[in-house]
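A.B. asks: Quick one: the structure is below, questions incoming.
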Amino acid sequence: MTCDLTQTLLDTPMASPPAPDMLAGVRTHAAGCPACAERLAEWEALAAVVGTLPRSVQPDRPLWEGIAARTGRRHSRWPWALAAAAVLATVLLTQAVVRPGSGRDAALFAGGPPPAVAGAPVARAADYRAAADELEQAVATGAVRLLPHSNRALTASLAALDAAEAEAREALARAPDNPAIQAAYLAAVRHRLTLLRQAAQFEGSD
Amino acid sequence: MLRSRFPARWLGPTAVLAGLGLAPAAGAQQTVQTGFRVSSTVSLRITVPAGTITISGWDRDSVAVSGTVPPGGGSWYGGGAGGAAKMGVEGNDNATGPGATLRIMVPRQARVWIKTVTASVEAAELAGELDVLSVSGGITVRSAPGAVRLESLEGAIRVSGDSAVARLRTGSGTITADLRAGDLTAISVSGEVSLGARRLDRARVETVGGAVAVTGALAPHGSLLVETHGGNVTLGLTRPVNAGFELSSVSGAVSVELGGKPMRSTGRPLEFSTGTATAQVTIRSFKGTITLRHLPD
């Protein structure tokens, strides 16, 4: 076990911690490595706290009525409009990615707003979306310049993510308190951010 | 003590060619044939935009490189000593020129980092840590018992043999992992993920649209987590199956055939356990189907 491998293992999400034998390897390594011992202690402290948390939390009162009142029920009233907007955004985004550097990029990279519903996963999704939007904006303005190959590779994946995000958004509008749908929405947005970060590792040159 | 095949001083291809009176001229094919001594755990960074890289571990404290860079494909560079080395092809950064063909031998315990644009990578017999990043190049890794992190935006990723820790990520490429055991994370957007394991210790698979197929045996305390948006999930397990299961798809069908009465559900989670239930299997999808069955004995 090396320091890097230890770090990799301790970086895995708390929802799926390292296997017991891997963790045993980390502990053995940490016994002789002060830096990893410190990381392990932090991880164990966090794991202890996470272990006390319930697997899922349901709101103690129905949330949708209040949210719907504030949003004018626009999501449930016009889900088709949201879907259409998402499809349009997908088409435009695809064009933008295929033709980087065009003057239209900045506008075309703009994503839709997060769904107006409550819940921790959705709040986290909004954070992910904001970060993804920032990255897309950086690409659009040329602050991050992707390789032509990266742009092509991104196109199909972003289209798939747009469609998934739109579906989850539409489903959320119908059932905002459904944790499975919240998780699906969060996953789609998280995948988007991760993919963009992956592509941004390859900067082009003149 | 491992012996070194090469002298400690750095030998570049230009030096080799100059010694032969064949200094590389613009437009000429560049032949690479060189090597240098390093430590057994050298950190090696390789950047090759286009072409093919074949990298293997060996029981020597040295790095050896052979191959060619075609005209218009950039220039080879490289060097290093002791614990650090760097090499690659420059001048073809966007991979618009023809690709290089390189065969690289490194100490088995080397820590290797490779970055490509379209170049494919084949790696074998590396026991240290291996990092490969590519835009569209395929990545194939055989017998890398250390930690591997492989990412390609649209290239296919294949891993086989032993890997203590494997982190695999792609956008539209496929992921195929055939492992004896280990800790695996495989993430794809639209590419299919196929995972076969003789003993599934810990695996996490996520896709958006890509189908997921997992076959093999669960370790006694193994865990498997699969999450997809639209990708269908097929899980085939060898007997005996001692696990707790949580299977749910918001709008897809869930089907379980583990020898007893078949179970079916749509829109409602299925939670059950078999045998001693020491392992844990969690599969979630938004609209994909989930199929769980025994593999034939």
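For the structure tokens, the naming scheme is as follows: chains receive sequential letters (A, B, ...) according to their order of presentation, residues are indexed from 1 within each chain, and ligands are indexed from 1 in presentation order.
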Using only C-alpha atoms, which residues of stretch 111-207 of chain B come within 10 Å of stretch 154-165 of chain A, and what is the closest atom pair for each, with the distance in Å to one decimal? Give it as JSON lines, sorted by chain and residue number.

C.D. replies:
```
{"residue": "B:Val135", "atom": "CA", "partner": "A:Leu154", "partner_atom": "CA", "distance": 9.4}
{"residue": "B:Leu153", "atom": "CA", "partner": "A:Leu154", "partner_atom": "CA", "distance": 7.2}
{"residue": "B:Glu154", "atom": "CA", "partner": "A:Leu154", "partner_atom": "CA", "distance": 8.2}
{"residue": "B:Thr170", "atom": "CA", "partner": "A:Ser157", "partner_atom": "CA", "distance": 9.5}
{"residue": "B:Gly171", "atom": "CA", "partner": "A:Ser157", "partner_atom": "CA", "distance": 5.7}
{"residue": "B:Ser172", "atom": "CA", "partner": "A:Ser157", "partner_atom": "CA", "distance": 6.1}
{"residue": "B:Gly173", "atom": "CA", "partner": "A:Ser157", "partner_atom": "CA", "distance": 9.8}
{"residue": "B:Ser188", "atom": "CA", "partner": "A:Ser157", "partner_atom": "CA", "distance": 9.2}
{"residue": "B:Val189", "atom": "CA", "partner": "A:Ser157", "partner_atom": "CA", "distance": 6.1}
{"residue": "B:Ser190", "atom": "CA", "partner": "A:Ser157", "partner_atom": "CA", "distance": 6.4}
{"residue": "B:Gly191", "atom": "CA", "partner": "A:Ser157", "partner_atom": "CA", "distance": 9.1}
```

A.B. asks: Could you work out which residues of chain B fall inside 9 Å of chain A? Count only C-alpha atoms, and format the result as a PyMOL selection string.

C.D. replies: chain B and resi 93-95+115-118+129+133-136+146-147+151-154+164-165+170-172+182-183+187-190+201-204+206-209+221-225+227-230+248-250+284-286

A.B. asks: Give me, as a ChimeraX atom specification, all polymer residues having an atom no more than 6 Å from B:Ile53, counting only C-alpha atoms and skipping those fewer than 4 positions away in the same chain.

C.D. replies: /B:102-103,121

A.B. asks: One decimal, in Å: what's the spacing between atom CA of B:Val212 and atom CA of B:Ile290?

C.D. replies: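 Computing the Euclidean distance for atom CA of B:Val212 and atom CA of B:Ile290 yields 9.5 Å.
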
A.B. asks: For atom CA of B:Gly210 and atom CA of B:Ile283, quote the distance in Å rounded to one decimal.

C.D. replies: 14.2 Å

A.B. asks: Check stretch 20-60 of chain B with DSSP on the backbone and list each residue it calls strand (DSSP E or B), as a ChimeraX atom specification.

C.D. replies: /B:30-47,51-58

A.B. asks: Keeping only N, CA and C atoms, take the residues you just selected and write them out as a JSON list (two decimals), in the first residue's frame.

C.D. replies:
```json
[["chain", "number", "residue", "atom", "x", "y", "z"],
["B", 30, "GLN", "N", 11.39, 9.74, -37.50],
["B", 30, "GLN", "CA", 12.30, 9.72, -36.37],
["B", 30, "GLN", "C", 12.26, 8.33, -35.74],
["B", 31, "THR", "N", 13.42, 7.75, -35.61],
["B", 31, "THR", "CA", 13.49, 6.45, -34.97],
["B", 31, "THR", "C", 13.93, 6.62, -33.52],
["B", 32, "VAL", "N", 13.20, 6.02, -32.64],
["B", 32, "VAL", "CA", 13.51, 6.14, -31.21],
["B", 32, "VAL", "C", 14.05, 4.81, -30.74],
["B", 33, "GLN", "N", 15.22, 4.84, -30.14],
["B", 33, "GLN", "CA", 15.82, 3.61, -29.61],
["B", 33, "GLN", "C", 16.73, 4.05, -28.48],
["B", 34, "THR", "N", 16.24, 4.04, -27.27],
["B", 34, "THR", "CA", 17.03, 4.60, -26.19],
["B", 34, "THR", "C", 16.64, 3.98, -24.85],
["B", 35, "GLY", "N", 17.42, 4.33, -23.84],
["B", 35, "GLY", "CA", 17.11, 3.84, -22.50],
["B", 35, "GLY", "C", 17.93, 4.58, -21.47],
["B", 36, "PHE", "N", 17.51, 4.49, -20.23],
["B", 36, "PHE", "CA", 18.27, 5.14, -19.16],
["B", 36, "PHE", "C", 17.91, 4.49, -17.82],
["B", 37, "ARG", "N", 18.81, 4.66, -16.89],
["B", 37, "ARG", "CA", 18.62, 4.04, -15.59],
["B", 37, "ARG", "C", 17.71, 4.90, -14.71],
["B", 38, "VAL", "N", 16.86, 4.26, -13.96],
["B", 38, "VAL", "CA", 15.97, 4.95, -13.03],
["B", 38, "VAL", "C", 15.85, 4.10, -11.77],
["B", 39, "SER", "N", 15.15, 4.61, -10.78],
["B", 39, "SER", "CA", 14.91, 3.79, -9.59],
["B", 39, "SER", "C", 13.75, 2.84, -9.87],
["B", 40, "SER", "N", 13.61, 1.85, -9.04],
["B", 40, "SER", "CA", 12.57, 0.83, -9.29],
["B", 40, "SER", "C", 11.16, 1.38, -9.13],
["B", 41, "THR", "N", 11.04, 2.50, -8.42],
["B", 41, "THR", "CA", 9.69, 3.08, -8.24],
["B", 41, "THR", "C", 9.60, 4.44, -8.92],
["B", 42, "VAL", "N", 10.28, 4.59, -10.00],
["B", 42, "VAL", "CA", 10.32, 5.87, -10.72],
["B", 42, "VAL", "C", 8.91, 6.38, -11.05],
["B", 43, "SER", "N", 8.76, 7.70, -10.97],
["B", 43, "SER", "CA", 7.53, 8.33, -11.45],
["B", 43, "SER", "C", 7.77, 8.76, -12.89],
["B", 44, "LEU", "N", 7.00, 8.23, -13.78],
["B", 44, "LEU", "CA", 7.24, 8.46, -15.20],
["B", 44, "LEU", "C", 6.03, 9.13, -15.83],
["B", 45, "ARG", "N", 6.26, 10.25, -16.49],
["B", 45, "ARG", "CA", 5.17, 10.96, -17.17],
["B", 45, "ARG", "C", 5.37, 10.85, -18.68],
["B", 46, "ILE", "N", 4.33, 10.40, -19.35],
["B", 46, "ILE", "CA", 4.41, 10.17, -20.79],
["B", 46, "ILE", "C", 3.28, 10.93, -21.48],
["B", 47, "THR", "N", 3.63, 11.74, -22.45],
["B", 47, "THR", "CA", 2.61, 12.49, -23.20],
["B", 47, "THR", "C", 2.79, 12.19, -24.68],
["B", 51, "GLY", "N", -1.22, 8.03, -31.99],
["B", 51, "GLY", "CA", -0.47, 6.82, -32.30],
["B", 51, "GLY", "C", -0.82, 5.67, -31.36],
["B", 52, "THR", "N", 0.17, 4.88, -31.03],
["B", 52, "THR", "CA", -0.04, 3.77, -30.10],
["B", 52, "THR", "C", 1.13, 3.69, -29.13],
["B", 53, "ILE", "N", 0.79, 3.41, -27.90],
["B", 53, "ILE", "CA", 1.80, 3.23, -26.86],
["B", 53, "ILE", "C", 1.61, 1.84, -26.27],
["B", 54, "THR", "N", 2.67, 1.08, -26.27],
["B", 54, "THR", "CA", 2.63, -0.21, -25.59],
["B", 54, "THR", "C", 3.62, -0.13, -24.44],
["B", 55, "ILE", "N", 3.15, -0.29, -23.25],
["B", 55, "ILE", "CA", 4.03, -0.14, -22.10],
["B", 55, "ILE", "C", 3.94, -1.38, -21.22],
["B", 56, "SER", "N", 5.10, -1.88, -20.82],
["B", 56, "SER", "CA", 5.12, -3.10, -20.01],
["B", 56, "SER", "C", 6.11, -2.94, -18.87],
["B", 57, "GLY", "N", 5.85, -3.66, -17.81],
["B", 57, "GLY", "CA", 6.78, -3.66, -16.69],
["B", 57, "GLY", "C", 7.79, -4.78, -16.87],
["B", 58, "TRP", "N", 9.01, -4.56, -16.37],
["B", 58, "TRP", "CA", 10.02, -5.60, -16.37],
["B", 58, "TRP", "C", 10.84, -5.51, -15.08]]
```

A.B. asks: In Å, rounded to a single decimal, give me how far atom CA of B:Leu150 is from atom CA of A:Val50.

C.D. replies: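 About the pair atom CA of A:Val50 and atom CA of B:Leu150: they are 29.1 Å apart.
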